[in-house]
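Chemist: Have a peek at model16.cif (mmCIF, C-alpha atoms).
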data_start
loop_
_atom_site.group_PDB
_atom_site.id
_atom_site.type_symbol
_atom_site.label_atom_id
_atom_site.label_comp_id
_atom_site.auth_asym_id
_atom_site.auth_seq_id
_atom_site.Cartn_x
_atom_site.Cartn_y
_atom_site.Cartn_z
ATOM 1 C CA MET A 1 7.143 9.405 69.766
ATOM 2 C CA LYS A 2 5.765 9.199 66.245
ATOM 3 C CA LYS A 3 4.932 12.917 66.295
ATOM 4 C CA LEU A 4 8.460 13.777 67.494
ATOM 5 C CA THR A 5 10.027 11.671 64.717
ATOM 6 C CA LEU A 6 7.904 13.370 62.056
ATOM 7 C CA THR A 7 8.756 16.808 63.453
ATOM 8 C CA LEU A 8 12.500 16.044 63.395
ATOM 9 C CA LEU A 9 12.241 14.688 59.847
ATOM 10 C CA PHE A 10 10.384 17.800 58.667
ATOM 11 C CA CYS A 11 12.952 20.097 60.321
ATOM 12 C CA SER A 12 15.823 18.185 58.691
ATOM 13 C CA ILE A 13 14.266 18.422 55.236
ATOM 14 C CA SER A 14 13.490 22.098 55.783
ATOM 15 C CA ALA A 15 17.088 22.822 56.834
ATOM 16 C CA LEU A 16 18.446 21.079 53.734
ATOM 17 C CA SER A 17 16.192 23.039 51.428
ATOM 18 C CA GLN A 18 17.461 26.326 52.879
ATOM 19 C CA ALA A 19 21.140 25.570 52.251
ATOM 20 C CA ALA A 20 23.200 27.859 50.060
ATOM 21 C CA ASP A 21 24.717 26.530 46.865
ATOM 22 C CA MET A 22 27.272 27.518 44.254
ATOM 23 C CA GLU A 23 26.782 27.680 40.522
ATOM 24 C CA CYS A 24 29.162 28.459 37.704
ATOM 25 C CA MET A 25 29.351 29.270 34.018
ATOM 26 C CA VAL A 26 32.178 29.240 31.472
ATOM 27 C CA ASP A 27 31.841 32.241 29.176
ATOM 28 C CA THR A 28 32.481 30.979 25.622
ATOM 29 C CA ILE A 29 31.317 32.105 22.205
ATOM 30 C CA GLU A 30 28.761 29.289 22.327
ATOM 31 C CA VAL A 31 25.563 29.275 24.402
ATOM 32 C CA ASP A 32 26.385 29.770 28.087
ATOM 33 C CA HIS A 33 24.228 28.750 31.033
ATOM 34 C CA TRP A 34 24.493 28.580 34.811
ATOM 35 C CA SER A 35 24.801 25.139 36.422
ATOM 36 C CA THR A 36 24.789 24.195 40.086
ATOM 37 C CA GLY A 37 27.769 22.224 41.391
ATOM 38 C CA SER A 38 29.658 22.003 38.097
ATOM 39 C CA CYS A 39 29.621 23.607 34.687
ATOM 40 C CA PHE A 40 30.858 22.481 31.319
ATOM 41 C CA SER A 41 31.120 24.308 28.025
ATOM 42 C CA PHE A 42 32.353 23.516 24.543
ATOM 43 C CA GLU A 43 33.375 25.842 21.749
ATOM 44 C CA PHE A 44 34.459 25.119 18.200
ATOM 45 C CA THR A 45 37.395 27.566 18.126
ATOM 46 C CA MET A 46 40.038 24.862 17.733
ATOM 47 C CA ASP A 47 42.429 26.954 19.837
ATOM 48 C CA ASN A 48 43.898 26.635 23.298
ATOM 49 C CA ASN A 49 42.921 30.095 24.573
ATOM 50 C CA PRO A 50 41.556 30.613 28.091
ATOM 51 C CA ASN A 51 37.986 31.704 28.754
ATOM 52 C CA LEU A 52 36.342 33.419 31.689
ATOM 53 C CA ALA A 53 34.771 31.202 34.351
ATOM 54 C CA ILE A 54 32.310 32.761 36.767
ATOM 55 C CA TRP A 55 31.210 31.317 40.102
ATOM 56 C CA ARG A 56 28.435 32.707 42.299
ATOM 57 C CA ILE A 57 26.835 31.748 45.586
ATOM 58 C CA LYS A 58 23.056 31.480 45.586
ATOM 59 C CA ASP A 59 20.218 30.750 48.011
ATOM 60 C CA ILE A 60 21.769 32.338 51.102
ATOM 61 C CA THR A 61 18.903 32.686 53.573
ATOM 62 C CA LYS A 62 20.663 34.027 56.689
ATOM 63 C CA PRO A 63 22.759 37.110 57.439
ATOM 64 C CA VAL A 64 26.394 36.549 56.423
ATOM 65 C CA SER A 65 29.332 37.539 58.587
ATOM 66 C CA GLU A 66 32.090 36.621 56.124
ATOM 67 C CA ILE A 67 32.716 34.715 52.877
ATOM 68 C CA ILE A 68 36.147 33.156 52.333
ATOM 69 C CA TRP A 69 36.986 31.888 48.814
ATOM 70 C CA MET A 70 39.306 28.931 48.304
ATOM 71 C CA PRO A 71 41.859 28.211 47.097
ATOM 72 C CA SER A 72 43.356 31.269 48.740
ATOM 73 C CA ASN A 73 45.511 32.003 45.666
ATOM 74 C CA SER A 74 42.420 32.232 43.428
ATOM 75 C CA SER A 75 42.458 36.060 43.323
ATOM 76 C CA CYS A 76 38.830 36.075 44.481
ATOM 77 C CA SER A 77 37.934 38.830 46.907
ATOM 78 C CA ASN A 78 36.561 37.673 50.230
ATOM 79 C CA ASN A 79 33.136 38.858 51.379
ATOM 80 C CA VAL A 80 31.643 38.953 47.876
ATOM 81 C CA ARG A 81 29.188 36.404 46.483
ATOM 82 C CA GLY A 82 30.868 35.969 43.113
ATOM 83 C CA CYS A 83 34.265 35.226 41.612
ATOM 84 C CA ARG A 84 35.720 35.409 38.105
ATOM 85 C CA LYS A 85 38.836 33.727 36.779
ATOM 86 C CA MET A 86 40.337 33.002 33.371
ATOM 87 C CA ILE A 87 40.671 29.241 32.915
ATOM 88 C CA ARG A 88 42.449 27.123 30.335
ATOM 89 C CA PRO A 89 40.685 24.390 28.361
ATOM 90 C CA TYR A 90 40.854 20.715 29.344
ATOM 91 C CA ARG A 91 41.576 21.476 33.004
ATOM 92 C CA GLU A 92 39.072 21.314 35.841
ATOM 93 C CA TYR A 93 38.963 24.348 38.143
ATOM 94 C CA LYS A 94 37.244 23.870 41.496
ATOM 95 C CA MET A 95 36.278 26.906 43.525
ATOM 96 C CA SER A 96 34.930 26.712 47.075
ATOM 97 C CA ALA A 97 33.699 29.244 49.586
ATOM 98 C CA ASN A 98 33.237 29.071 53.345
ATOM 99 C CA ILE A 99 30.161 31.062 54.304
ATOM 100 C CA LEU A 100 30.353 32.223 57.917
ATOM 101 C CA TYR A 101 26.936 33.287 59.158
ATOM 102 C CA ALA A 102 26.153 35.933 61.765
ATOM 103 C CA ASP A 103 24.612 33.232 64.018
ATOM 104 C CA SER A 104 28.064 31.523 64.304
ATOM 105 C CA THR A 105 27.194 28.680 61.922
ATOM 106 C CA TYR A 106 28.923 28.049 58.608
ATOM 107 C CA GLU A 107 28.722 26.015 55.450
ATOM 108 C CA THR A 108 31.015 25.290 52.521
ATOM 109 C CA VAL A 109 29.811 25.395 48.923
ATOM 110 C CA SER A 110 31.750 24.538 45.766
ATOM 111 C CA ALA A 111 31.521 24.127 42.012
ATOM 112 C CA SER A 112 33.896 22.947 39.273
ATOM 113 C CA ALA A 113 34.297 24.586 35.856
ATOM 114 C CA PHE A 114 35.612 22.903 32.695
ATOM 115 C CA PHE A 115 35.539 23.554 28.958
ATOM 116 C CA GLU A 116 36.833 22.093 25.695
ATOM 117 C CA THR A 117 37.700 23.749 22.409
ATOM 118 C CA GLY A 118 37.489 20.858 19.943
ATOM 119 C CA ARG A 119 41.218 20.715 19.527
#
Here is a file; write its structure as structure tokens.
Modeler:
Amino acid sequence: MKKLTLTLLFCSISALSQAADMECMVDTIEVDHWSTGSCFSFEFTMDNNPNLAIWRIKDITKPVSEIIWMPSNSSCSNNVRGCRKMIRPYREYKMSANILYADSTYETVSASAFFETGR
């Protein structure tokens, strides 16, 4: 029984470590970097102009059948691993994707992007 419990625990941890994830970046004139789950940026432009936010899916370990981006009105093309969208400052933009795998399993990943301008 103890051996079975340890085997199940190891398999659960292994399955979690193989899960896909989503990261994002807000492209500003300041230093930009990728962050998993959410991204934040700040620029000292003192304007209210939109900037480009980029989301990408990482760590996919199985063959993919289809990728569906949400919200559906996001202008993101399905079946690609990345999405770009102009976003306005001081508003949070959450992007999600359903990853449908060839083995009939699926998972949902998401990340939120946000930036400020100092105004």
Chemist: Quick one: residues within 7 Å of stretch 46-53 of chain A, only C-alpha atoms counted, chain neighbours fewer than 2 positions away excluded, as a list of chain:residue names?
Modeler: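 In the requested form, the answer reads A:Met25, A:Val26, A:Asp27, A:Thr28, A:Phe44, A:Trp55, A:Arg84, A:Lys85, A:Met86, A:Ile87, A:Arg88, A:Pro89, A:Ala113, A:Thr117, A:Gly118, A:Arg119.
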Chemist: Taking only C-alpha atoms into account, name the residue in A:Asn98, A:Thr61, A:Ser35, A:Ser110 that is nearest to A:Asn79.
Modeler: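 The closest residue to A:Asn79 is A:Asn98.
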Chemist: Return as a PyMOL selection string the set of residues that the PyMOL selection byres ((chain A and resi 57) around 8) yields on the displayed structure.
Modeler: chain A and resi 20-23+55-56+58-60+81-82+109
Chemist: To one decimal place, how far is atom CA of A:Ile67 from atom CA of A:Trp34 in Å?
Modeler: 20.8 Å
Chemist: Report the centre and edge lengths, in Å to one decimal, of an axis-aligned box enclosing every atom of stretch 69-85 of chain A listed in the file, padded by 5 Å on each side, as JSON.
Modeler:
{"center_x": 37.3, "center_y": 33.6, "center_z": 44.1, "size_x": 26.3, "size_y": 20.7, "size_z": 24.6}
Chemist: Neighbours of A:Ala111 within 8 Å (only C-alpha atoms; same-chain residues fewer than 3 positions away dropped), as a ChimeraX atom specification?
Modeler: /A:22-24,36-39,55,94-96
